[in-house]
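A quick write-up on the structure given underneath.
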Amino acid sequence: MSEARSVTEPPNLILSPVWDRPRTGTQFLSGDHACAEGALYAGCRFFAGYPITPATEIAERLAERLPEVGGQYIQMEDEIASMIAILGASVTGAKSMTATSGPGFSLMMENLGLAYMMEVPTVVVDVQRGGPSTGLPTTVGQQDMMQARFGPHGDFTSISLSPQSPQEAFNLTIHAFNVAERLRTPVLLMMDEVVGHMHERVVIPPPGEIPLVARPRATVPPEEYHTYRPGPDLVPPMALAGEGYSVLFTGLTHDEDGRPVTTYAAQKVLVPRLRDKILKNRDVYERLGLYKTEDATTLVVAYGITARSARRAVDLGREKGLALGLFRPISVWPFPAEQLRSLKNVTKIVVAEINLGQVVLEVRRIAGPYAEVVHVGNPGGQVISPETILEACMSPRRAKP
Amino acid sequence: MTANAEVALPPELHPYDHLLRSADLPTIWCPGCGIGTAVGALIYGFEQAGVPKEKRVIVGGIGCSSRIVFYAKTDAYHTTHGRTIPFATGLKLCNPSLNVVAFAGDGDLFAIGGNHFIHAARRNMDILVVCINNFNYGMTGGQGGPTTPAGALSTTTPYGNPEFPFNLPNLAWATGATYVARWTTLDVRRLRNTFADVVNRHGFRFVEILTPCPVSFGKTNKIGSGVEEMEYYQALEVLKSRVESTEITKTDIELGKPIVVGTFVDRERETFRERYVRVVAKARGSKS
């Protein structure tokens, strides 16, 4: 009985940079499949997930593709387990991801919070559908945006990206991994059902053409290493499991060695740093789409699928001689406030989003003092038409009180 | 101990001092608590089995038991309540050379984390799961839980527990664990040998350790101090190694009744990883 069973240790599947099954070139892909291919391109070799409409296709694609490239797919018992399994994967150095929709996203909040606190890089995809609760499983919503911003309990700062097309789903998934690695933080890819299910042309470049970013790693010997001592960029270099550093990671408030110190003194050092490492590194993640904004006096703010309706609305408005422009936050959180404020001619902002008013709250906070901010939305279930957005742009200004 | 040895090893230094985060001692555990005994036995097992120090990984959840991560000097991850097993799953799959132990309490593993336990056992995931079973929630002050014996008192079962508890070895066996043992913290030698035997094995291994919680469960149920709870175990323990599968249901724990301890299950099954290696071969073979 004391004889350990002899097993030929299979080669380490993950971590090895296998890319002998590239699918490059011009493809016809759904946003979900493009997201999966983006993850593979970024070097993701571990996916843990649970089936849910409209994100299931990401899991299906990766169940097929990951073993081809030497990675692993595992279907967990629920989204709670999926979220924490990808954290366990990441502490070994693996790039990991999960994908879900609203109900599963709710279940992930617990360990998403742990990821912010333990500073574990990973990528979480939410293909949004109409809610609350089971809501509209097969139709579109953009109703999880505030959950992306404030979902887990406690104070933290979320980085959330929102693609408007399958091509952008591919590119932004790679960007999400780069940002997660660079800043040691989870990054949320907030897709929506329409972008997830629509099929379009997606160009996948050869490996290496889009640069990949690796996380900052421990370089000093173990006796000089502190698990949570940040560098000048506020990001602590990461020692991986098995490297001999005896690391200590915890979700408790901790000191630079990971020791639990549950005091105000420790909290006021740690939690503001977690916020500041995001806010002071905006150049790492911030992406913005501007369309005809130079002379615009009325601005449409929209993201995801709604941005495409908004672009059409801008064109229709321009045909009528209106000075419309589109401000598309690709990184929705943290909201690109300075860029919004820098558009000096703007006197009216129409925020179009498939919800009853979420990102509009942030836009109103930023621009409310100098511009009229109007919300156009619906409670989920259909895309907002360009005509609806245009109508909001053209409606007479509210009288100043 | 010779005079020389005393110079090399001051009497206050624990023999495992170099394997502990010694600056953080003493522990937060209460007088009479058995968790320290279990931690010592696990470290003994690692040493005895020759597991390289940098390959040892302990994953804790939330609760008294999970505090092991702050004292045992290994790569250590203090995760969320109930989630040790899925965290350990991702970790082990992505670095199979690591020796991964999920170490948590009965409430953590079998109430909030029960679903993860049964699925990891079903998959035969390559992890060792150690359950400190003290029959109640110690960290929060002695509430009843999924292992509180029927009729037992706790702060949330003030009239006696109306629920029946899980029989943990039976659950582990039924869901597919390849190795299942139950000991008390009185059985130090057996516990150490068990860890030395199983830390290097493959598959889903489960060790339940019945542990005194004198300030909560022991006090409320008039079992007494830590020593008195050990005496309680001594009086009631029945050793039954290699219980036949048909008999594992007879290992239920009831207040004041005999407590069956031993190695109940020791069998082989293909692990998730062994099976996934074939998935990879198939995927790579068929798409060339």
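Chain labels run A, B, ... following the order of the structure tokens; each chain numbers its residues from 1, and ligands are numbered from 1 in the order shown.
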
- Query: What residues in chain B lie within 9 Å of chain A, counting only C-alpha atoms, written as a PyMOL selection string?
  - Reply: chain B and resi 24+53-57+69-70+73-80+83-98+115-116+119+196-198+200-202+266+273-274+276-277+279-285+287-288

- What's the 9 Å shell around Asn124 in chain B, counting only C-alpha atoms, without same-chain residues fewer than 5 positions away, as number ranges by chain? B: 119, 176-178, 202-205, 269-273

- Separation of CA of Val269 in chain A and CA of Gly151 in chain A, in Å?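 Between these atoms lies a distance of 22.3 Å.
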
- Message: List the spatial neighbours of range 301-312 of chain A as an MDAnalysis selection string - criterion: any atom at most 8 Å away, only C-alpha atoms, same-chain residues fewer than 4 positions off excluded.
- Response: chainID A and resid 162:165 191:192 194:195 291 316 326:330 332 349:354 383:386 389

- Given the choices A:Pro272, A:Gly131, A:Gly231, A:Pro137, which gets closest to Gly154 in chain A if the distance is worked out from only C-alpha atoms?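 So, comparing all the options, the nearest one is A:Pro272.
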
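Every protein, DNA or RNA residue with an atom at most 12 Å from Glu209 in chain A, where only C-alpha atoms count and chain neighbours fewer than 6 positions away do not, is listed here: Thr24, Tyr41, Ala42, Asn171, Ile174 and Val203 of chain A.
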
- Write out as an MDAnalysis selection string all residues of range 8-142 of chain B that backbone DSSP assigns to alpha helix (DSSP H). chainID B and resid 8 35:48 84:94 106:107 114:123

- Name the residues of range 104-252 of chain A that come out as strand (DSSP E) in a backbone DSSP run; write them as a PyMOL selection string. chain A and resi 122-130+136-140+159-161+186-192+199-204+248-250

I need the chosen residues saved as a CSV table (one decimal), in the first residue's frame, with N, CA and C atoms.
chain,number,residue,atom,x,y,z
A,122,THR,N,-6.9,37.2,-15.2
A,122,THR,CA,-7.8,36.2,-15.9
A,122,THR,C,-8.8,37.0,-16.8
A,123,VAL,N,-9.5,36.3,-17.6
A,123,VAL,CA,-10.5,37.0,-18.5
A,123,VAL,C,-11.8,36.4,-18.3
A,124,VAL,N,-12.9,37.2,-18.1
A,124,VAL,CA,-14.2,36.7,-17.9
A,124,VAL,C,-15.1,37.4,-19.0
A,125,VAL,N,-15.8,36.5,-19.8
A,125,VAL,CA,-16.6,37.0,-20.9
A,125,VAL,C,-18.1,36.9,-20.4
A,126,ASP,N,-18.8,38.0,-20.6
A,126,ASP,CA,-20.2,38.0,-20.4
A,126,ASP,C,-20.9,38.4,-21.7
A,127,VAL,N,-21.6,37.4,-22.3
A,127,VAL,CA,-22.4,37.6,-23.5
A,127,VAL,C,-23.8,38.0,-22.9
A,128,GLN,N,-24.1,39.3,-22.9
A,128,GLN,CA,-25.3,39.8,-22.2
A,128,GLN,C,-26.6,39.5,-22.9
A,129,ARG,N,-27.5,39.0,-22.1
A,129,ARG,CA,-28.9,38.8,-22.6
A,129,ARG,C,-29.8,39.6,-21.7
A,130,GLY,N,-31.1,39.6,-22.0
A,130,GLY,CA,-32.1,40.4,-21.2
A,130,GLY,C,-32.3,39.8,-19.9
A,136,LEU,N,-34.5,36.9,-20.7
A,136,LEU,CA,-34.6,36.6,-22.1
A,136,LEU,C,-33.3,35.9,-22.6
A,137,PRO,N,-33.3,34.6,-22.4
A,137,PRO,CA,-32.1,33.8,-22.7
A,137,PRO,C,-31.5,34.0,-24.1
A,138,THR,N,-32.4,34.2,-25.1
A,138,THR,CA,-31.9,34.1,-26.5
A,138,THR,C,-31.9,35.5,-27.1
A,139,THR,N,-32.2,36.5,-26.4
A,139,THR,CA,-32.2,37.9,-27.0
A,139,THR,C,-31.4,38.8,-26.2
A,140,VAL,N,-31.1,40.0,-26.9
A,140,VAL,CA,-30.0,40.9,-26.5
A,140,VAL,C,-30.4,41.7,-25.2
A,159,ILE,N,-12.1,46.7,-15.1
A,159,ILE,CA,-11.8,47.0,-16.5
A,159,ILE,C,-12.7,46.2,-17.3
A,160,SER,N,-13.6,46.9,-18.1
A,160,SER,CA,-14.6,46.2,-18.9
A,160,SER,C,-14.5,46.7,-20.3
A,161,LEU,N,-14.4,45.7,-21.3
A,161,LEU,CA,-14.3,46.1,-22.7
A,161,LEU,C,-15.6,45.6,-23.4
A,186,PRO,N,-8.4,40.8,-13.1
A,186,PRO,CA,-9.3,40.2,-14.0
A,186,PRO,C,-9.8,41.3,-15.0
A,187,VAL,N,-10.1,40.9,-16.2
A,187,VAL,CA,-10.6,41.9,-17.2
A,187,VAL,C,-11.9,41.3,-17.8
A,188,LEU,N,-12.9,42.1,-17.9
A,188,LEU,CA,-14.3,41.7,-18.3
A,188,LEU,C,-14.5,42.0,-19.8
A,189,LEU,N,-14.9,41.1,-20.6
A,189,LEU,CA,-15.3,41.3,-21.9
A,189,LEU,C,-16.8,41.3,-22.0
A,190,MET,N,-17.4,42.5,-22.1
A,190,MET,CA,-18.8,42.6,-22.0
A,190,MET,C,-19.4,42.6,-23.4
A,191,MET,N,-19.7,41.4,-23.9
A,191,MET,CA,-20.3,41.3,-25.2
A,191,MET,C,-21.8,41.4,-25.1
A,192,ASP,N,-22.5,41.2,-26.1
A,192,ASP,CA,-24.0,41.1,-26.0
A,192,ASP,C,-24.4,40.0,-27.0
A,199,HIS,N,-22.7,36.5,-37.5
A,199,HIS,CA,-21.6,36.0,-38.2
A,199,HIS,C,-21.1,37.1,-39.2
A,200,GLU,N,-19.8,37.4,-39.2
A,200,GLU,CA,-19.2,38.3,-40.0
A,200,GLU,C,-17.8,37.9,-40.4
A,201,ARG,N,-17.2,38.7,-41.3
A,201,ARG,CA,-15.8,38.4,-41.7
A,201,ARG,C,-14.9,38.7,-40.5
A,202,VAL,N,-14.0,37.8,-40.2
A,202,VAL,CA,-13.0,38.0,-39.2
A,202,VAL,C,-11.6,37.7,-39.8
A,203,VAL,N,-10.7,38.6,-39.7
A,203,VAL,CA,-9.4,38.3,-40.2
A,203,VAL,C,-8.5,38.0,-39.0
A,204,ILE,N,-7.9,36.8,-39.1
A,204,ILE,CA,-7.0,36.3,-38.0
A,204,ILE,C,-5.6,36.4,-38.5
A,248,LEU,N,2.0,33.5,-0.5
A,248,LEU,CA,0.8,33.4,0.3
A,248,LEU,C,-0.2,34.4,-0.3
A,249,PHE,N,-1.2,33.8,-0.9
A,249,PHE,CA,-2.3,34.6,-1.5
A,249,PHE,C,-3.5,34.5,-0.6
A,250,THR,N,-4.2,35.6,-0.4
A,250,THR,CA,-5.4,35.5,0.4
A,250,THR,C,-6.4,36.6,0.0

- Note on the structure: Closest of A:Cys393, A:Ala218, A:Leu107, A:Leu29 to Gly49 in chain A, counting only C-alpha atoms, is A:Leu107

- Message: Residues within 7 Å of range 125-138 of chain B, please, as a ChimeraX atom specification. Count only C-alpha atoms; anything in the same chain fewer than 5 positions from it doesn't count.
- Response: /B:64-65,89,100-107,120,143-145,147-148,199,202-213,216-217,271-272
